[in-house]
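Chemist: My file is start29.cif. It has mmCIF, C-alpha atoms:
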```cif
data_target
#
loop_
_atom_site.label_atom_id
_atom_site.label_comp_id
_atom_site.auth_asym_id
_atom_site.auth_seq_id
_atom_site.Cartn_x
_atom_site.Cartn_y
_atom_site.Cartn_z
CA MET A 1 -56.00 -29.16 51.14
CA MET A 2 -52.50 -28.15 52.08
CA SER A 3 -51.10 -29.75 48.97
CA LYS A 4 -53.61 -27.94 46.83
CA LYS A 5 -52.75 -24.62 48.46
CA LYS A 6 -49.06 -25.27 47.90
CA LYS A 7 -49.72 -25.89 44.25
CA ILE A 8 -51.67 -22.64 44.00
CA VAL A 9 -48.92 -20.68 45.74
CA ALA A 10 -46.26 -22.32 43.57
CA GLY A 11 -48.25 -21.51 40.43
CA ALA A 12 -48.70 -17.90 41.53
CA GLY A 13 -44.99 -17.63 42.23
CA ALA A 14 -44.15 -19.01 38.83
CA ALA A 15 -46.52 -16.52 37.20
CA VAL A 16 -44.88 -13.65 39.07
CA ILE A 17 -41.46 -14.81 37.96
CA ILE A 18 -42.62 -15.10 34.33
CA LEU A 19 -44.19 -11.63 34.40
CA ALA A 20 -41.08 -10.16 35.99
CA GLY A 21 -38.92 -11.78 33.31
CA ALA A 22 -41.14 -10.47 30.56
CA ALA A 23 -41.05 -6.97 32.05
CA PHE A 24 -37.27 -7.17 32.28
CA PHE A 25 -37.00 -8.37 28.66
CA LEU A 26 -39.30 -5.66 27.34
CA GLY A 27 -37.54 -3.03 29.42
CA SER A 28 -34.18 -4.11 28.06
CA ARG A 29 -35.47 -3.85 24.47
CA GLY A 30 -37.01 -0.49 25.21
CA SER A 31 -33.77 0.73 26.73
CA ALA A 32 -31.81 -0.45 23.71
CA GLY A 33 -34.33 1.09 21.30
CA THR A 34 -34.50 4.47 23.02
CA GLY A 35 -30.79 4.89 23.39
CA GLY A 36 -29.53 2.91 20.37
CA HIS A 37 -29.16 3.75 16.75
CA GLY A 38 -32.86 3.62 15.97
CA GLY A 39 -34.25 5.61 18.92
CA PRO A 40 -34.90 9.33 19.34
CA GLY A 41 -31.64 11.13 19.51
CA GLY A 42 -29.76 8.26 17.86
CA MET A 43 -28.69 8.06 14.25
CA GLY A 44 -32.20 7.18 13.11
CA GLY A 45 -34.24 9.28 15.53
CA PRO A 46 -35.93 12.60 14.98
CA GLY A 47 -33.08 14.34 16.70
CA GLY A 48 -30.37 12.58 14.67
CA MET A 49 -29.29 12.20 11.07
CA GLN A 50 -32.70 10.98 9.91
CA GLN A 51 -34.14 14.39 10.67
CA GLU A 52 -31.59 15.99 8.37
CA SER A 53 -32.28 13.46 5.60
CA ASN A 54 -35.94 14.50 5.57
CA VAL A 55 -34.83 17.89 4.25
CA THR A 56 -34.58 17.52 0.46
CA VAL A 57 -31.71 19.38 -1.17
CA VAL A 58 -32.79 20.96 -4.46
CA ASN A 59 -31.75 23.42 -7.14
CA ALA A 60 -33.97 26.43 -7.73
CA ALA A 61 -33.79 29.41 -10.05
CA ASN A 62 -35.95 32.13 -11.54
CA PRO A 63 -37.64 31.50 -14.91
CA THR A 64 -35.55 32.57 -17.87
CA THR A 65 -36.49 34.35 -21.08
CA GLY A 66 -35.50 32.82 -24.39
CA ASP A 67 -36.54 31.00 -27.54
CA VAL A 68 -37.85 27.45 -27.76
CA SER A 69 -38.72 25.40 -30.83
CA VAL A 70 -40.19 22.02 -31.71
CA THR A 71 -38.40 19.92 -34.33
CA SER A 72 -40.41 17.32 -36.24
CA SER A 73 -39.11 14.33 -38.21
CA LEU A 74 -40.83 13.58 -41.52
CA THR A 75 -40.18 11.58 -44.67
CA GLY A 76 -39.98 12.99 -48.17
CA THR A 77 -39.30 11.98 -51.76
CA VAL A 78 -36.41 13.21 -53.89
CA GLU A 79 -37.43 14.65 -57.25
CA ALA A 80 -35.54 16.28 -60.07
CA ALA A 81 -35.71 20.05 -60.40
CA ASP A 82 -37.60 19.57 -63.72
CA VAL A 83 -39.16 16.25 -64.64
CA VAL A 84 -40.76 15.75 -68.07
CA TYR A 85 -42.79 12.70 -69.00
CA VAL A 86 -42.74 12.14 -72.76
CA TYR A 87 -45.95 10.67 -74.22
CA ALA A 88 -46.92 9.42 -77.69
CA LYS A 89 -49.16 11.92 -79.43
CA ALA A 90 -50.29 9.38 -82.01
CA GLY A 91 -50.47 5.60 -82.10
CA GLY A 92 -48.24 3.46 -84.27
CA ASP A 93 -45.24 1.15 -84.44
CA VAL A 94 -41.92 2.14 -82.85
CA THR A 95 -39.34 2.09 -85.62
CA ALA A 96 -36.28 3.48 -83.77
CA VAL A 97 -35.11 4.10 -80.16
CA ASN A 98 -32.01 6.29 -80.02
CA VAL A 99 -31.45 6.68 -76.24
CA LYS A 100 -31.28 4.60 -73.08
CA ALA A 101 -31.64 5.32 -69.37
CA GLY A 102 -28.78 7.45 -68.04
CA ASP A 103 -28.03 9.24 -71.32
CA ILE A 104 -27.63 13.00 -71.31
CA VAL A 105 -29.67 14.65 -74.05
CA SER A 106 -30.03 18.17 -75.35
CA GLN A 107 -33.25 19.98 -76.13
CA GLY A 108 -34.64 18.97 -79.54
CA GLN A 109 -32.55 15.81 -79.82
CA VAL A 110 -34.39 12.90 -81.53
CA LEU A 111 -35.20 10.23 -78.96
CA MET A 112 -37.20 7.73 -81.03
CA GLU A 113 -39.38 7.37 -84.15
CA ILE A 114 -42.90 6.02 -84.55
CA ASN A 115 -44.64 5.03 -87.76
CA THR A 116 -48.01 6.62 -87.17
CA GLU A 117 -49.34 5.44 -90.60
CA GLN A 118 -50.75 8.94 -91.13
CA VAL A 119 -47.71 10.78 -92.45
CA GLU A 120 -48.17 9.67 -96.05
CA SER A 121 -51.88 10.42 -95.99
CA ALA A 122 -51.23 13.85 -94.56
CA LYS A 123 -48.57 14.49 -97.22
CA ASN A 124 -50.97 13.54 -100.01
CA ASN A 125 -53.56 15.88 -98.61
CA MET A 126 -51.01 18.66 -98.46
CA ASP A 127 -49.87 18.03 -102.06
CA SER A 128 -53.47 18.02 -103.28
CA ALA A 129 -54.17 21.27 -101.48
CA GLN A 130 -51.08 22.78 -103.05
CA VAL A 131 -52.30 21.83 -106.56
CA ASN A 132 -55.67 23.40 -105.86
CA LEU A 133 -53.96 26.51 -104.65
CA SER A 134 -51.86 26.78 -107.80
CA GLN A 135 -54.94 26.32 -109.99
CA ALA A 136 -56.92 28.94 -108.10
CA GLN A 137 -54.03 31.37 -108.47
CA SER A 138 -53.83 30.78 -112.25
CA ASN A 139 -57.58 31.25 -112.70
CA LEU A 140 -57.49 34.51 -110.86
CA ASN A 141 -54.60 35.75 -112.98
CA ARG A 142 -56.52 35.05 -116.22
CA MET A 143 -59.72 36.57 -114.93
CA GLN A 144 -57.87 39.67 -113.87
CA ILE A 145 -57.12 40.46 -117.58
CA LEU A 146 -60.77 40.09 -118.51
CA TYR A 147 -61.82 42.14 -115.54
CA GLY A 148 -59.43 44.87 -116.58
CA SER A 149 -60.90 45.02 -120.14
CA GLY A 150 -64.42 45.16 -118.79
CA ASP A 151 -65.38 41.73 -120.04
CA LEU A 152 -65.83 40.39 -116.48
CA SER A 153 -68.24 41.73 -113.93
CA ASP A 154 -67.24 42.67 -110.41
CA GLN A 155 -69.25 39.81 -108.96
CA GLU A 156 -67.53 37.19 -111.11
CA TYR A 157 -64.06 38.59 -110.39
CA GLU A 158 -64.74 38.57 -106.64
CA GLN A 159 -65.73 34.90 -106.84
CA TYR A 160 -62.32 34.00 -108.34
CA GLN A 161 -60.64 35.93 -105.53
CA ASN A 162 -62.60 33.97 -102.88
CA ASN A 163 -61.66 30.69 -104.57
CA LEU A 164 -58.00 31.59 -104.22
CA LYS A 165 -58.38 32.47 -100.55
CA SER A 166 -60.17 29.18 -99.89
CA ALA A 167 -57.42 27.23 -101.66
CA GLU A 168 -54.79 29.00 -99.57
CA LEU A 169 -56.58 28.07 -96.33
CA GLN A 170 -56.94 24.45 -97.38
CA TYR A 171 -53.27 24.25 -98.23
CA GLU A 172 -52.19 25.78 -94.88
CA SER A 173 -54.42 23.35 -93.02
CA ALA A 174 -53.09 20.34 -94.95
CA LYS A 175 -49.50 21.51 -94.41
CA LEU A 176 -50.06 21.94 -90.66
CA GLN A 177 -51.60 18.49 -90.43
CA TYR A 178 -48.65 17.01 -92.25
CA GLU A 179 -46.15 18.73 -89.97
CA LYS A 180 -48.01 17.47 -86.92
CA GLN A 181 -47.89 13.91 -88.19
CA VAL A 182 -44.17 14.25 -88.81
CA GLU A 183 -43.75 15.63 -85.28
CA TYR A 184 -45.82 12.83 -83.83
CA SER A 185 -43.70 10.23 -85.56
CA THR A 186 -40.39 11.81 -84.52
CA ILE A 187 -40.06 12.09 -80.71
CA THR A 188 -37.64 14.80 -79.57
CA ALA A 189 -36.41 15.88 -76.11
CA PRO A 190 -38.47 18.82 -74.80
CA ILE A 191 -35.71 19.83 -72.35
CA ALA A 192 -32.03 19.15 -71.81
CA GLY A 193 -31.23 16.68 -69.05
CA ARG A 194 -30.75 13.04 -68.19
CA VAL A 195 -32.94 10.20 -69.42
CA GLU A 196 -34.25 8.51 -66.28
CA SER A 197 -36.21 5.73 -67.96
CA VAL A 198 -37.17 4.41 -71.40
CA ASP A 199 -40.44 2.50 -71.51
CA VAL A 200 -40.55 1.18 -75.13
CA ASP A 201 -38.44 -0.89 -77.48
CA VAL A 202 -38.18 -1.12 -81.27
CA TYR A 203 -41.18 -2.78 -82.96
CA ASP A 204 -43.42 -2.06 -79.98
CA ARG A 205 -46.83 -0.78 -80.92
CA VAL A 206 -47.96 2.14 -78.82
CA ASN A 207 -51.25 3.90 -78.44
CA GLN A 208 -51.85 7.58 -78.31
CA SER A 209 -50.84 9.10 -74.90
CA ALA A 210 -48.66 6.09 -73.99
CA GLN A 211 -45.61 7.00 -71.86
CA LEU A 212 -42.38 6.69 -73.82
CA CYS A 213 -39.64 7.98 -71.50
CA VAL A 214 -38.83 10.28 -68.56
CA ILE A 215 -36.26 13.08 -68.65
CA ALA A 216 -34.93 14.82 -65.53
CA GLY A 217 -33.84 18.38 -66.12
CA GLU A 218 -30.47 19.75 -65.18
CA GLY A 219 -30.04 21.51 -61.83
CA GLN A 220 -30.42 20.74 -58.12
CA ASN A 221 -32.77 18.03 -57.00
CA SER A 222 -35.86 18.97 -55.04
CA ILE A 223 -37.69 17.22 -52.23
CA THR A 224 -41.42 16.83 -51.64
CA PHE A 225 -43.12 16.04 -48.31
CA TYR A 226 -46.49 16.53 -46.61
CA VAL A 227 -47.43 18.25 -43.35
CA THR A 228 -50.52 18.75 -41.21
CA GLN A 229 -52.45 22.00 -41.12
CA ARG A 230 -50.98 22.94 -37.74
CA MET A 231 -47.46 22.44 -39.08
CA MET A 232 -48.24 24.27 -42.30
CA GLN A 233 -49.41 27.35 -40.41
CA ASN A 234 -45.99 27.62 -38.74
CA LEU A 235 -43.93 27.15 -41.92
CA LYS A 236 -42.74 29.74 -44.42
CA THR A 237 -40.64 29.71 -47.55
CA GLY A 238 -36.96 29.86 -46.76
CA ASP A 239 -37.17 27.73 -43.60
CA GLU A 240 -34.19 25.42 -43.25
CA LEU A 241 -34.41 21.67 -43.82
CA GLU A 242 -32.05 18.98 -42.57
CA ILE A 243 -32.17 15.99 -44.91
CA SER A 244 -30.44 12.67 -44.23
CA LYS A 245 -29.95 9.55 -46.32
CA ASN A 246 -27.65 6.57 -45.62
CA GLY A 247 -25.87 8.44 -42.83
CA THR A 248 -25.16 11.53 -44.94
CA THR A 249 -26.78 14.85 -44.07
CA TYR A 250 -27.79 17.49 -46.62
CA THR A 251 -29.22 20.96 -46.24
CA GLY A 252 -32.07 22.64 -48.01
CA ASN A 253 -34.81 25.24 -47.77
CA ILE A 254 -38.55 25.30 -48.28
CA THR A 255 -39.45 26.70 -51.69
CA GLU A 256 -43.20 26.05 -52.01
CA ILE A 257 -46.05 25.54 -49.55
CA SER A 258 -49.41 24.47 -50.93
CA ASN A 259 -52.56 25.93 -49.39
CA MET A 260 -54.72 23.15 -50.85
CA VAL A 261 -55.21 19.77 -49.21
CA ASP A 262 -53.82 16.92 -51.28
CA ALA A 263 -56.68 14.61 -52.23
CA SER A 264 -54.64 11.41 -51.86
CA THR A 265 -53.06 12.15 -48.46
CA GLY A 266 -55.33 14.71 -46.80
CA LEU A 267 -52.22 16.78 -45.99
CA PHE A 268 -50.53 19.87 -47.37
CA LYS A 269 -47.76 19.45 -49.94
CA VAL A 270 -44.45 21.20 -49.33
CA LYS A 271 -41.47 21.37 -51.68
CA GLY A 272 -37.87 22.25 -50.94
CA ASP A 273 -34.50 22.34 -52.63
CA MET A 274 -31.42 20.28 -51.81
CA THR A 275 -27.72 21.00 -52.12
CA GLY A 276 -25.08 18.45 -53.10
CA SER A 277 -27.54 15.60 -53.53
CA ASP A 278 -26.63 14.37 -57.00
CA GLU A 279 -25.72 10.93 -55.63
CA ILE A 280 -29.27 10.38 -54.32
CA ALA A 281 -31.43 8.61 -56.88
CA ILE A 282 -34.59 10.30 -58.05
CA GLY A 283 -37.58 8.86 -56.21
CA SER A 284 -35.62 7.92 -53.08
CA THR A 285 -37.18 8.33 -49.64
CA VAL A 286 -35.24 10.53 -47.22
CA LYS A 287 -35.63 11.69 -43.62
CA ILE A 288 -36.39 15.36 -43.04
CA GLU A 289 -36.09 17.35 -39.82
CA LEU A 290 -37.52 20.84 -39.61
CA VAL A 291 -38.80 23.30 -37.02
CA THR A 292 -42.61 23.12 -37.00
CA GLU A 293 -43.29 25.29 -33.92
CA ARG A 294 -41.36 28.10 -32.28
CA ALA A 295 -41.78 30.67 -29.51
CA GLU A 296 -39.53 33.71 -29.11
CA ASN A 297 -38.85 35.70 -25.91
CA ALA A 298 -40.87 33.15 -23.94
CA MET A 299 -40.78 32.43 -20.20
CA LEU A 300 -38.87 29.16 -19.84
CA VAL A 301 -38.30 26.64 -17.05
CA PRO A 302 -36.47 23.30 -17.18
CA VAL A 303 -38.68 20.41 -18.25
CA ASP A 304 -37.57 18.48 -15.15
CA ALA A 305 -39.26 21.11 -13.00
CA ILE A 306 -42.73 20.28 -14.33
CA TYR A 307 -44.97 17.65 -12.73
CA TYR A 308 -48.36 16.41 -13.91
CA SER A 309 -51.41 15.25 -12.02
CA GLY A 310 -54.56 14.27 -13.88
CA GLY A 311 -53.23 15.97 -16.99
CA ASN A 312 -52.67 19.27 -15.14
CA ALA A 313 -49.16 20.69 -14.93
CA TYR A 314 -47.62 22.20 -11.79
CA VAL A 315 -44.24 23.18 -10.38
CA TYR A 316 -42.77 23.58 -6.92
CA LEU A 317 -41.56 26.96 -5.71
CA TYR A 318 -38.95 27.54 -3.03
CA GLU A 319 -40.38 29.83 -0.34
CA ASP A 320 -38.62 30.20 3.04
CA GLY A 321 -37.34 26.62 3.11
CA LYS A 322 -40.69 25.12 2.09
CA ALA A 323 -41.98 23.65 -1.17
CA LYS A 324 -45.06 25.38 -2.57
CA MET A 325 -47.07 23.69 -5.30
CA THR A 326 -48.16 26.06 -8.11
CA SER A 327 -50.26 25.22 -11.18
CA VAL A 328 -48.88 26.39 -14.54
CA GLU A 329 -49.95 26.40 -18.18
CA VAL A 330 -47.33 24.82 -20.43
CA GLY A 331 -46.82 25.78 -24.07
CA ILE A 332 -44.32 24.11 -26.38
CA TYR A 333 -41.17 22.45 -25.10
CA ASP A 334 -38.00 20.76 -26.27
CA SER A 335 -35.66 18.32 -24.55
CA GLU A 336 -34.44 20.93 -22.05
CA ASN A 337 -36.88 23.82 -21.58
CA ALA A 338 -40.63 24.31 -21.56
CA GLN A 339 -42.61 27.46 -22.31
CA ILE A 340 -44.77 28.73 -19.43
CA LEU A 341 -47.86 30.59 -20.62
CA SER A 342 -49.26 31.45 -17.17
CA GLY A 343 -48.91 30.68 -13.48
CA LEU A 344 -45.42 32.08 -12.74
CA ASN A 345 -43.77 35.42 -12.15
CA ALA A 346 -40.26 36.37 -13.16
CA ASP A 347 -39.09 36.50 -9.51
CA ASP A 348 -40.43 33.06 -8.50
CA MET A 349 -37.82 30.52 -7.39
CA VAL A 350 -38.73 27.39 -9.35
CA VAL A 351 -37.39 24.07 -8.04
CA SER A 352 -35.63 22.46 -10.99
CA THR A 353 -34.61 19.22 -9.25
CA TRP A 354 -37.03 16.36 -9.84
CA SER A 355 -37.68 14.40 -6.64
CA SER A 356 -40.39 12.08 -5.39
CA ASN A 357 -39.90 13.56 -1.91
CA LEU A 358 -41.44 16.89 -2.88
CA TYR A 359 -44.94 17.76 -1.74
CA GLU A 360 -46.82 20.81 -0.56
CA GLY A 361 -45.04 22.18 2.52
CA ALA A 362 -42.07 19.80 2.34
CA ASP A 363 -38.84 20.99 3.95
CA ILE A 364 -36.26 21.80 1.28
CA ARG A 365 -32.83 23.41 1.16
CA LEU A 366 -31.05 24.96 -1.74
CA LYS A 367 -28.00 23.08 -2.95
CA SER A 368 -26.08 26.34 -3.17
CA GLU A 369 -26.72 27.02 0.53
CA VAL A 370 -25.65 23.50 1.50
CA GLU A 371 -22.43 23.82 -0.49
CA ALA A 372 -21.77 27.26 0.96
CA SER A 373 -22.25 26.00 4.53
CA GLY A 374 -20.00 23.03 3.81
CA ALA A 375 -17.30 25.32 2.46
CA ALA A 376 -17.61 27.56 5.52
CA GLY A 377 -17.14 24.54 7.83
CA GLY A 378 -13.74 23.82 6.30
CA ALA A 379 -12.10 20.69 4.97
CA PRO A 380 -11.49 19.01 8.43
CA ALA A 381 -15.25 18.50 8.76
CA GLU A 382 -15.15 16.22 5.73
CA ALA A 383 -11.82 14.56 6.40
CA GLY A 384 -12.72 13.14 9.83
CA ASN A 385 -10.32 11.70 12.46
CA ALA A 386 -8.14 8.66 12.53
CA ASP A 387 -11.06 6.39 13.41
CA GLY A 388 -12.96 7.38 10.26
CA GLN A 389 -15.39 9.53 12.25
CA LYS A 390 -16.12 13.15 11.61
CA PRO A 391 -14.95 15.62 14.28
CA GLY A 392 -17.31 15.45 17.19
CA ALA A 393 -18.07 11.77 16.72
CA ALA A 394 -15.65 10.86 19.50
CA GLU A 395 -17.58 13.06 21.88
CA ALA A 396 -20.73 11.09 21.06
CA GLY A 397 -19.33 8.02 22.78
CA LYS A 398 -18.68 4.53 21.49
CA ASP A 399 -22.39 3.86 21.06
CA GLY A 400 -22.67 6.37 18.17
CA GLN A 401 -24.82 8.84 20.17
CA LYS A 402 -24.51 12.57 19.77
CA PRO A 403 -22.94 14.58 22.61
CA GLY A 404 -25.39 15.10 25.40
CA ALA A 405 -27.44 12.01 24.59
CA ALA A 406 -26.46 10.39 27.91
CA GLU A 407 -28.12 13.23 29.77
CA THR A 408 -31.56 12.31 28.48
CA GLY A 409 -33.45 9.45 30.09
CA GLY A 410 -34.48 7.89 26.79
CA GLU A 411 -30.85 7.49 25.61
CA LYS A 412 -29.18 5.60 28.50
CA GLN A 413 -27.96 2.01 28.20
CA ASP A 414 -27.59 -0.68 30.88
CA ALA A 415 -25.25 -3.62 31.06
CA GLU A 416 -27.66 -5.98 29.34
CA ALA A 417 -27.65 -3.88 26.14
CA ALA A 418 -23.89 -3.63 25.98
CA PRO A 419 -23.25 -6.75 23.84
CA ALA A 420 -25.44 -5.21 21.06
CA ASP A 421 -23.31 -2.04 20.87
CA GLN A 422 -21.33 -1.36 17.72
CA ASP A 423 -18.13 -0.79 19.69
CA GLY A 424 -17.66 -4.56 20.01
CA GLN A 425 -17.68 -4.71 23.88
CA ASN A 426 -17.70 -8.17 25.47
CA PRO A 427 -19.81 -9.14 28.49
CA GLU A 428 -16.94 -8.34 30.89
CA GLN A 429 -16.76 -4.81 29.48
CA ALA A 430 -20.50 -4.50 29.82
CA GLY A 431 -20.11 -4.33 33.57
CA ASN A 432 -18.04 -1.17 33.21
CA ALA A 433 -20.57 0.35 30.89
CA GLY A 434 -23.31 -0.46 33.36
CA SER A 435 -21.41 1.18 36.20
CA GLU A 436 -21.10 4.34 34.18
CA ASN A 437 -24.87 4.44 33.67
CA GLN A 438 -25.97 3.39 37.15
CA ALA A 439 -27.79 6.66 37.64
CA ALA A 440 -29.93 6.05 34.58
CA ALA A 441 -30.61 2.34 35.13
CA PRO A 442 -33.17 2.69 37.93
CA ALA A 443 -35.22 5.06 35.88
CA ASN A 444 -35.55 2.49 33.09
CA GLY A 445 -36.01 -0.48 35.40
CA ASN A 446 -33.13 -2.19 33.58
CA SER A 447 -30.35 -1.87 36.24
CA GLN A 448 -27.99 -4.70 36.97
CA GLY A 449 -29.56 -5.16 40.40
CA GLY A 450 -32.98 -5.72 38.88
CA ALA A 451 -31.97 -8.48 36.51
CA PRO A 452 -31.35 -11.23 39.19
CA LYS A 453 -34.68 -10.50 40.81
CA ALA A 454 -36.43 -11.06 37.49
CA GLN A 455 -34.64 -14.35 37.08
#
```
What would you get if you wrote out this structure as structure tokens?

Modeler:
Amino acid sequence: MMSKKKKIVAGAGAAVIILAGAAFFLGSRGSAGTGGHGGPGGMGGPGGMQQESNVTVVNAANPTTGDVSVTSSLTGTVEAADVVYVYAKAGGDVTAVNVKAGDIVSQGQVLMEINTEQVESAKNNMDSAQVNLSQAQSNLNRMQILYGSGDLSDQEYEQYQNNLKSAELQYESAKLQYEKQVEYSTITAPIAGRVESVDVDVYDRVNQSAQLCVIAGEGQNSITFYVTQRMMQNLKTGDELEISKNGTTYTGNITEISNMVDASTGLFKVKGDMTGSDEIAIGSTVKIELVTERAENAMLVPVDAIYYSGGNAYVYLYEDGKAKMTSVEVGIYDSENAQILSGLNADDMVVSTWSSNLYEGADIRLKSEVEASGAAGGAPAEAGNADGQKPGAAEAGKDGQKPGAAETGGEKQDAEAAPADQDGQNPEQAGNAGSENQAAAPANGNSQGGAPKAQ
């Protein structure tokens, strides 16, 4: 029985020692945490630098009034100022081709000849009509003598007159038909310009309405592109165009805006002129930049000031050191500014600094105020002392605490926490540190006298 009691007492004693050691260990950690760099009043505590870092420094300004525009990039096709497609007006064999692509031609110049096989027939018809006309004229002349002597009635004389008129009409018709056949067989340039393409060769047989060649008229090239209805409503003739091709930029202006939807594209066709673009080949594709939307004398804020949540836009206002969330309606915007349609007043201070730390009621400071207070403090506050600390750091003690931290119970250190200090003290120096904090040690239960008892 005595042995069993001794074992019980020994076990109880061991438990007490273990509990005392655990209490001492936890107390030491608590003392180091409350008075160290991470505790309240230290560098990371609510009373230290962490509290200042929770205040977000921002820029803020009133909305401005100005113009904003939206620039769109499109593609267009280069065309000649005047383009004429020459077609065959009658079928036949090509007997001569007098031009090639790239040639400069004048109006009326003969381009090629086609044997339509109808010229001779038309000439025969014209000659026959001319003979009939001459005969009708001779008959009328003879009948006029008889009519004058009274040997020919009025009715008979009138018939000879009608025969002459009919012969004249037949001759004019045959002559016109002949001239048309000659024109159809001899292809001439309808305008002066440059031959862009020739689509036939000698001895080719062509049908009526077959394309023979293309002539680009003289003058500046034009450009054609297509826009949506929304874009079209914001365009007008004279608007500037910026056209680029192979790294070279050209300028131009809108000359025509179609109000009819193009059947092939479903868009609205727009034409413009180009300056100094002779080196660009007809039919080339170019890049076009133009202003498709604009707002004048609009309320503007920086685009970085606008946040979105669920598709709804809002901004933060600066009010008495706090961030206030305000919903806004955004219009058009460019890379720098956005148009505000509603939600703001001219005297609102809009936070223009984007930050993930902003929320309703967040503490904020204006950057201008921070810079002004820093300038008022003077350069020595930034330069620091010989130890690399700012003025006042020496007063905080070697443990990095602010002045006055030793006076609070939660910021006192004992000898056991000394080796963890940043001042590099060794265990022998820890005894001195503990003697300086003897008044605080009993309150924390981490005094030097308590450690042996726990062991």

Chemist: Skip range 100-106 of chain A itself and residues of its chain fewer than 6 positions away, then list as a ChimeraX atom specification all residues within 9 Å of it, counting only C-alpha atoms.

Modeler: /A:189-198,213-215

Chemist: Tell me, in Å to one decimal, how far CA of Leu176 in chain A is from CA of Ser128 in chain A.

Modeler: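 Atom-to-atom, CA of Leu176 in chain A to CA of Ser128 in chain A, that is 13.6 Å.
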
Chemist: Write out, as a tab-separated table, each residue of range 45-117 of chain A that has an atom at most 12 Å from range 266-280 of chain A, together with the closest pair of atoms and their distance in Å to one decimal, counting all atoms listed in the file, rows going by chain and rising number.

Modeler:
```
residue	atom	partner	partner_atom	distance
A:Leu74	CA	A:Val270	CA	11.5
A:Thr75	CA	A:Val270	CA	11.5
A:Gly76	CA	A:Lys271	CA	9.2
A:Thr77	CA	A:Lys271	CA	9.6
A:Val78	CA	A:Ile280	CA	7.7
A:Glu79	CA	A:Asp273	CA	9.4
A:Ala80	CA	A:Asp278	CA	9.6
A:Ala81	CA	A:Asp273	CA	8.2
A:Asp82	CA	A:Asp273	CA	11.8
```

Chemist: Determine the residue set returned by the PyMOL selection byres ((chain A and resi 339-353) around 8) for the present structure, and present it as a PyMOL selection string.

Modeler: chain A and resi 58-64+68+295+298-302+304-305+315-319+326-333+337-338+354-355

Chemist: Could you pull the residues within 10 Å of Val57 in chain A, counting all atoms listed in the file, minus those fewer than 2 positions along the same chain, as a VMD selection string?

Modeler: chain A and resid 53 to 55 59 to 60 353 355 363 to 370

Chemist: To one decimal place, how far is CA of Gln170 in chain A from CA of Glu113 in chain A in Å?

Modeler: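 Calculated distance between CA of Gln170 in chain A and CA of Glu113 in chain A is 27.8 Å.
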
Chemist: Using all atoms listed in the file, find the one residue out of A:Asn297, A:Thr292, A:Thr116, A:Thr255 that sits nearest to Gln233 in chain A.

Modeler: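 Looking only at the distances to Gln233 in chain A, the closest residue turns out to be A:Thr292.
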
Chemist: Quick one: residues within 9 Å of Tyr147 in chain A, only C-alpha atoms, excluding same-chain residues fewer than 6 positions away - as a PyMOL selection string?

Modeler: chain A and resi 153-154+156-157

Chemist: Quick one: pull the distance between CA of Tyr250 in chain A and CA of Thr265 in chain A, Å, one decimal.

Modeler: 25.9 Å

Chemist: Would you mind telling me which residue in A:Gln109, A:Ser284, A:Ser244, A:Thr228 lies nearest to Ile257 in chain A when using all atoms listed in the file?

Modeler: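 The closest residue to Ile257 in chain A is A:Thr228.
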
Chemist: Please check which residues have atoms at most 10 Å from (-38.4, 13.7, -34.8) in the file's coordinates, counting all atoms listed in the file, and write them as a PyMOL selection string.

Modeler: chain A and resi 70-74+287-291

Chemist: For the structure provided, state which residues fall under the PyMOL selection byres ((chain A and resi 359) around 8), and present them as a JSON list (two decimals) with C-alpha atoms, in the frame of the given file.

Modeler:
```
[["chain", "number", "residue", "atom", "x", "y", "z"],
["A", 323, "ALA", "CA", -41.98, 23.65, -1.17],
["A", 324, "LYS", "CA", -45.06, 25.38, -2.57],
["A", 325, "MET", "CA", -47.07, 23.69, -5.30],
["A", 357, "ASN", "CA", -39.90, 13.56, -1.91],
["A", 358, "LEU", "CA", -41.44, 16.89, -2.88],
["A", 360, "GLU", "CA", -46.82, 20.81, -0.56],
["A", 361, "GLY", "CA", -45.04, 22.18, 2.52],
["A", 362, "ALA", "CA", -42.07, 19.80, 2.34]]
```

Chemist: Please enumerate the residues selected by the PyMOL selection byres ((chain A and resi 134) around 12) when evaluated against the supplied file, formatted as an mmCIF file with C-alpha atoms, keeping the file's coordinate frame.

Modeler:
```cif
data_model
loop_
_atom_site.group_PDB
_atom_site.id
_atom_site.type_symbol
_atom_site.label_atom_id
_atom_site.label_comp_id
_atom_site.auth_asym_id
_atom_site.auth_seq_id
_atom_site.Cartn_x
_atom_site.Cartn_y
_atom_site.Cartn_z
ATOM 1 C CA ASP A 127 -49.870 18.030 -102.060
ATOM 2 C CA SER A 128 -53.470 18.020 -103.280
ATOM 3 C CA ALA A 129 -54.170 21.270 -101.480
ATOM 4 C CA GLN A 130 -51.080 22.780 -103.050
ATOM 5 C CA VAL A 131 -52.300 21.830 -106.560
ATOM 6 C CA ASN A 132 -55.670 23.400 -105.860
ATOM 7 C CA LEU A 133 -53.960 26.510 -104.650
ATOM 8 C CA GLN A 135 -54.940 26.320 -109.990
ATOM 9 C CA ALA A 136 -56.920 28.940 -108.100
ATOM 10 C CA GLN A 137 -54.030 31.370 -108.470
ATOM 11 C CA SER A 138 -53.830 30.780 -112.250
ATOM 12 C CA ASN A 139 -57.580 31.250 -112.700
ATOM 13 C CA LEU A 140 -57.490 34.510 -110.860
ATOM 14 C CA ASN A 141 -54.600 35.750 -112.980
ATOM 15 C CA ASN A 163 -61.660 30.690 -104.570
ATOM 16 C CA LEU A 164 -58.000 31.590 -104.220
ATOM 17 C CA LYS A 165 -58.380 32.470 -100.550
ATOM 18 C CA SER A 166 -60.170 29.180 -99.890
ATOM 19 C CA ALA A 167 -57.420 27.230 -101.660
ATOM 20 C CA GLU A 168 -54.790 29.000 -99.570
ATOM 21 C CA GLN A 170 -56.940 24.450 -97.380
ATOM 22 C CA TYR A 171 -53.270 24.250 -98.230
#
```
